[in-house]
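K.L.:
My questions will all concern the structure given below.
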Amino acid sequence: MRTALFLQIVGAVLLLGLSFGAHSSGVEPIVIEPNSPIQPHFEYLEDPDANLDIEDIRSRPDNQWQLATDGNATLGITKSAYWLRFTINNQSDDRLNLIAELAYSQLDDVTYHMFSGGEKEKTVRTGDAFPFYPREVDHPHMLLRFHLSPEQNKTVYVRVKTAGSMIIPLRIWRENKFFGAASNEQKLHFFYYGSLTVIILINLAVFLTLRERLYLYYALAISGYLLFFASAKGYSFQLIYPESPWLHARALLVSMPLLALFSVLFCRRFLRIPSHSPKLDIAIRAMIVFEVFNFACALTLSYNAAVLLSSVSALFFFSLLFVAGPITWAAGVRAGAFFTLAWTPLTVGVLATAGRALGFFPENFVTEHAMQIGSGLEAFILTLALADRLYREREEKIAAQADSLRIEKARNEAQNRLTEAMTHDPVTGLPNRNRFERMVNRQLSVDPEGSYFVGVARITRLGEINRTLGLNRSEKLIQRIAQHMTELASRLPSVHVSRDDQGREERVYQISGDCFGLLLNSRFVNDDYEGLNQSLRSLAEPVMMGNLAIELHPRFGAAFYPTHGDNAALLIRNAHVGMEIAPHSRYETGVYSSQYDIYNESRLTLMSDLREALNQNLTELYYQPKICLRSGKVLGVEGLIRWYHPVRGWVPPGDFVPLAEETGVIMHLTRWAVERGLKDLSSLSSRHPSLNLSINISARDLSSVNLKHEINETLQRHGIPASRFTLELTETAAMEDPARGLIALKHLSDNGLNISIDDFGSGYSSLSYLKKLPAKELKLDRSLVMDICTSDSSRVIVETAINMAHGLDYTVVAEGVENAETTELLKTLGCDKLQGFWLCHPLPLHELQNWLDNYQFPEPPATANRSRN
C-alpha cells in the first residue's frame, strides 16, 4: 500500500551506472535574466573512492564531467561520492539574493564550495548525517544561500555522499520566490499530515469504544504512513529529533515494515479474508511473518541492506494487496469494492512517482507528490468504508437489540400475565394470600412499634350457593362481594393501602375462595370502630341477584399485633381462630383469645402421638398412580402418608403434616416414608420394573445435612436406582430458604434423583428462582385444574402454566383430575401426565398391586360430546 520509497529504490537500482546527458565541456552557465524563470542544469562527476577534495575536482578536465541538462540526476544506490558543478551568471541590473536547492531530503553529506573570480567565497556543509541545526535555511532540503551582483558569475561545486538512493534534483531560486513556494508546500504537507492525524485519532477512539482490533490496525497503518512520509520529507528530523540524525535514518527504515505489517493485518480483517479466501489468507499470514522479520532487520542491519530488504518486501506487499481487493470483491464481500476503489489512486500515485524517478514523466507538483495524493485519497476512501461498515454494524446491532427488546418485552408481558394470574384470584382479581402476607410482614417490619390488627371475613354459605346457583352465577356473586368490600374499605381511613408494581391500590385481599382479609392501623381508628362495624353490617345484608335475596352468613375474625402475633401467618391463623369463637350475631367480629384457642394443646398431643406412631410403624403409605396422557402407560406412583389414630380415627394429612413441619417431626416422617416407599417399590419391581416412586419432602428436610446420605443408603439397601425415585417439593417450601434449598436440591439432583415442584400455582413464587431449580417435573395444583372445563380464566391460567413449564424444559403433571372431560382438555392443552380420582383413589400396597395388574387406560369421551357450562 505504501511503496513510494520502494519504487524510488527500484528506479535507482535500474538506473545505477546509467549516464544522464552527454559528455560535455565548456558548459554554458545558468543565466538569470530579468523576469525569466531560472532553468537549472549542472555537470556531475563520480568519485568512486570518495576521497577527492575540492582542489582535485577543480583540476579535472572537462571531458570527465557529464551533463544533466534538466537539473536532475538519479544515480541509484552507490558507495561513491558525486561532485556537481554549475556556474550562475546574473544578467539583470539588480543584485540578486539566491538559493541553490538540492530538493531531496535523504542526502547524508552535502558540501557546497562557492567560487567567485577563481577565489573560494564560502563553504557550507550540511546533510542528514549531521544534526539539523545550524543550517543556512530552516528547511529539510540541502540549501545554499548566496547573492549575485549585476553581470557577476559564480561557480558552485557540490560534493554529495549518501547511504541511500543518490537522487540529485537541483533548483535555483530567487530567495523571495523560494520562501513563498516553501510556505505553500509546507501548508499542503501539514494539511496532509493533519488529515492523517485526525483519521488516526478517530479510529483510535472507535477502537477504545468498540474494542475491535480492525480500527486499531488501521490507526497503526496510517501512523506508519505518517511516519514514512514525515521521515522521507525530512519534517520529522527538522521538528522532532533535530539533534539525532541516527534516529532519523532508523525512523525511515522502521516506518516501512510497520506500515506494511499493520496494513496487511488491517486488510486481512477488513476484507474477512480467512472466511472467503483461504489460499489468499496463507499468503497474507506469510507476509505478516516476513514483515515482523523485516522490522527486526530495520533495527539491526546497515542502512543500505535494510533498504534493499524493504524494496523486496514492498514488491511482494504491493502485489499481494493489489490482488486482495478484487479477489474478495469477486467473492461477494462489500468491503472488497471499497478496497479496490481505494487502491486505484494509490496505484496511480505509485506509477507516477516511479515514472518521475525513471524520467518518463516531467518534474512537476503532481508527479512529485503523486504518492501523497494517492495515499491521501486511499485513506479517505477507506475511512468512508470504515464509516460505512460501522454504520451497517450499528444498524444490525440496533435491529438485533430491537428484536431482543421485543422478545424481552413479550417475555415480560407473558411473565407479568402469569404473575398476575398466580398472585391474584382469577374470579375477583383481588390479590391473594401470599401478597397479603408479604404486605403485612413488610408493614410490620417498617413500623415495628405500630398497632395493627388483621381482619378476616368468610362467606360461610358459598359452598351451598355454588351448588344452588351454579359456578357461573356464584362467580358473579363473589365478584360483587369483592367489589362491595373494596368500596367499603376505601371509606375507612384505618385500612392500610399498598400499591402493586403497576400502581394499583390494594386494600382487600382474597385469602381463599370464600375468605377475605385486610390490615387496619389502630392508630387511625378515632370512632371506636363504629365505621368498621357499619361496614360489617353492610356486608351482612342479603345480596340481590335477580329476584333472589341471597343470605351470605359472613363471619368475621381479628387478631391484634403485637398481642396475638408478630408475623402475618400467625396473625391470619389467629384471626381464623377468632372467627370460630365469634358471637353468633350477623356482623360481630370474633377477636382471638388464647384462652379459647382449642388447637394448641391438641396440636402438641397430636405430634406426640405421631412420633409414637412412626416409632411403632403404625402409619401407612397409600399410593396414587401417575399416568402418561399420550400413551396411557402407568409411569409411577406417589406415596401419600395415612395415619389411623386409635382415638381420633383417620387423621387427615392436612391436620398433621403442617404441624409436623412446624415442630420438626416432618424430618422423622420423611425418613419413614422414604424407607417404606422404597421397600414397597422393591416388592413391586419384579412385575413392574419401570415403575417410579415419588415422595414429598419439606423445606425442613432440605436443611438436613444427612438427607442425601440417608436416601443413598436406603436406595442401595433395597436395590433401587436413583433414577426411579422422585422427591416432590412444594413451590412454597422451595422459596422458604432459596439459597440453601437450591444448594441442597442440586446435590440431590447430582446424585441422580429426580426433583419435582409440587402444588405449583397454589402460592406466589419467584419464577426467576424456580427456573434455577434442578427440577424435571412441575405438578399443577388441583386448585388450578378442578374447574378448567367451566372457567375460561382457569383454562387460560393452566394453559399459560403448561407453556411456561415446557419453555423451562419441565414435564407437567396435573393433580386432582376427577373426570374424563378434564382429562381430555388437559391432553389438548399439552399436559404430559396426570393423577387423580379419575384414575383411582390412593390405594394401600396390596390393592395397588391388583390395580396395576388389571389396569386399562379408560378412554375419555369424544371431544365433540363434551359440554361446558
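All residue names refer to the C-alpha cells as shown: chains lettered A, B, ... in order, residues numbered from 1 in each chain, ligands numbered from 1 in order.
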With a distance cut-off of 7 Å and only C-alpha atoms, select the neighbouring residues of Gly374 of chain A, excluding the residue or stretch itself and same-chain residues fewer than 2 positions from it, and output the selection as a list in words.
P.N.:
Pro345, Leu346, Val348, Gly349, Ala370, Met371, Gln372, Gly376, Leu377 and Glu378 of chain A
K.L.:
Excluding same-chain residues fewer than 4 positions from segment 695-700 of chain A, what lies within 6 Å of it counting only C-alpha atoms, as a ChimeraX atom specification?
P.N.:
/A:639,727-729,733
K.L.:
Dump C-alpha atoms for the selected residues as a compact mmCIF listing (two decimals), in the first residue's frame?
P.N.:
# COMPACT_ATOMS: atom_id res chain seq x y z
CA GLY A 639 -46.60 -42.23 48.17
CA LEU A 727 -38.58 -36.03 45.51
CA GLU A 728 -41.57 -33.67 45.40
CA LEU A 729 -41.18 -30.22 46.94
CA ALA A 733 -41.19 -24.79 50.53
K.L.:
Mind pulling up the distance from atom CA of Val651 of chain A to atom CA of Leu610 of chain A?
P.N.:
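Going from atom CA of Leu610 of chain A over to atom CA of Val651 of chain A, I get 10.2 Å.
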K.L.:
Identify which of the residues A:Leu98, A:Met786, A:Ala673, A:Ala540 lies closest to Asn819 of chain A, counting only C-alpha atoms when measuring atom-to-atom distances.
P.N.:
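Ranking A:Leu98, A:Met786, A:Ala673, A:Ala540 by distance to Asn819 of chain A, first place goes to A:Met786.
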K.L.:
So what do you get for atom CA of Asn294 of chain A versus atom CA of Ser310 of chain A, distance-wise?
P.N.:
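Between these atoms lies a distance of 7.1 Å.
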K.L.:
Could you give me, as a ChimeraX atom specification, the residues within 12 Å of Asn472 of chain A, counting only C-alpha atoms and dropping anything in the same chain fewer than 5 positions from it?
P.N.:
/A:427,465-467,477-479,787,789-793,868-869
K.L.:
With N, CA and C atoms retained, export the selected residues as a CSV table (one decimal), in the first residue's frame.
P.N.:
chain,number,residue,atom,x,y,z
A,427,VAL,N,-61.1,-14.9,39.6
A,427,VAL,CA,-62.5,-14.5,39.5
A,427,VAL,C,-62.7,-13.0,39.9
A,465,ILE,N,-74.2,-22.0,48.1
A,465,ILE,CA,-74.6,-21.1,47.0
A,465,ILE,C,-74.1,-21.7,45.6
A,466,ASN,N,-72.8,-22.2,45.6
A,466,ASN,CA,-72.3,-22.8,44.4
A,466,ASN,C,-73.2,-23.9,43.9
A,467,ARG,N,-73.6,-24.8,44.9
A,467,ARG,CA,-74.4,-26.0,44.5
A,467,ARG,C,-75.8,-25.5,44.0
A,477,LEU,N,-71.5,-13.6,41.8
A,477,LEU,CA,-71.8,-13.1,43.2
A,477,LEU,C,-70.6,-12.8,44.0
A,478,ILE,N,-69.5,-13.6,43.9
A,478,ILE,CA,-68.3,-13.4,44.6
A,478,ILE,C,-67.6,-12.1,44.1
A,479,GLN,N,-67.8,-11.8,42.8
A,479,GLN,CA,-67.2,-10.6,42.2
A,479,GLN,C,-67.9,-9.4,42.8
A,787,ASP,N,-61.5,-26.6,37.9
A,787,ASP,CA,-62.6,-26.0,37.1
A,787,ASP,C,-62.2,-25.5,35.8
A,789,CYS,N,-62.7,-26.8,33.0
A,789,CYS,CA,-63.8,-27.1,32.0
A,789,CYS,C,-65.0,-26.1,32.1
A,790,THR,N,-65.0,-25.4,33.2
A,790,THR,CA,-66.2,-24.5,33.4
A,790,THR,C,-65.8,-23.0,33.5
A,791,SER,N,-64.5,-22.8,33.6
A,791,SER,CA,-64.0,-21.4,33.8
A,791,SER,C,-62.9,-21.1,32.7
A,792,ASP,N,-63.2,-20.1,31.9
A,792,ASP,CA,-62.2,-19.7,30.9
A,792,ASP,C,-61.0,-19.2,31.5
A,793,SER,N,-61.1,-18.4,32.6
A,793,SER,CA,-59.9,-17.9,33.3
A,793,SER,C,-59.0,-19.0,33.8
A,868,ARG,N,-69.8,-27.7,28.0
A,868,ARG,CA,-69.2,-26.8,29.0
A,868,ARG,C,-70.3,-25.9,29.5
A,869,ASN,N,-70.3,-25.7,30.9
A,869,ASN,CA,-71.2,-24.8,31.5
A,869,ASN,C,-70.9,-23.3,31.2
K.L.:
Do a neighbour search on segment 85-89 of chain A at 9 Å with only C-alpha atoms, toss out local chain neighbours closer than 2 positions, and write the hits as a list in words.
P.N.:
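Once the nearby chain positions are removed, what remains is Val27, Glu28, Pro29, Ile30, Val31, Ile32, Glu33, Pro40, His41, Phe42, Glu43, Tyr44, Leu45, Trp83, Gln91, Leu148, Pro150, Glu151, Gln152, Asn153, Lys154, Thr155, Val156, Tyr157 and Val158 of chain A.
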K.L.:
Skip Pro646 of chain A itself and residues of its chain fewer than 3 positions away, then list as a short mmCIF file (atom, residue, chain, number, x, y, z; two decimals) with C-alpha atoms, in the first residue's frame all residues within 12 Å of it, counting only C-alpha atoms.
P.N.:
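As written to disk, result_25.cif reads:
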data_model
loop_
_atom_site.label_atom_id
_atom_site.label_comp_id
_atom_site.auth_asym_id
_atom_site.auth_seq_id
_atom_site.Cartn_x
_atom_site.Cartn_y
_atom_site.Cartn_z
CA LEU A 606 -51.12 -34.84 68.04
CA ASP A 609 -48.88 -39.34 69.08
CA LEU A 610 -47.39 -39.06 65.55
CA GLU A 612 -45.08 -42.70 68.68
CA ALA A 613 -46.88 -43.96 65.57
CA LEU A 618 -48.29 -47.64 62.74
CA THR A 619 -48.51 -45.17 59.86
CA TRP A 643 -52.47 -42.36 59.83
CA GLY A 649 -59.62 -42.42 63.86
CA TRP A 650 -58.27 -41.49 60.42
CA VAL A 651 -56.39 -38.18 60.78
#
K.L.:
What's around Met545 of chain A at 9 Å? Count only C-alpha atoms, leave out sequence neighbours fewer than 3 positions away in its own chain, and write the answer as a ChimeraX atom specification.
P.N.:
/A:473,477,548-550
K.L.:
Please identify the alpha helix (DSSP H) residues within segment 473-713 of chain A (assignment by DSSP from backbone atoms) and present them as a VMD selection string.
P.N.:
chain A and resid 473 to 490 530 to 540 568 to 580 599 to 615 653 to 663 665 to 684 699 to 702 707 to 713
K.L.:
Return the single residue from A:Ala324, A:Val292, A:Leu390, A:Leu227 that is closest to Leu214 of chain A, with distances computed using only C-alpha atoms.
P.N.:
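Checking each candidate against Leu214 of chain A, we get A:Leu390 as the closest.
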K.L.:
Taking the DSSP secondary structure from the backbone, can you list the residues of segment 569-675 of chain A that are strand (DSSP E or B), as a list in words?
P.N.:
Thr589, Gly590, Val591, Glu620, Leu621, Tyr622, Tyr623, Gln624, Pro625, Lys626, Ile627, Cys628, Val634, Leu635, Gly636, Val637, Glu638, Gly639, Leu640, Ile641, Arg642, Trp643, Tyr644, His645, Gly649, Trp650 and Val651 of chain A
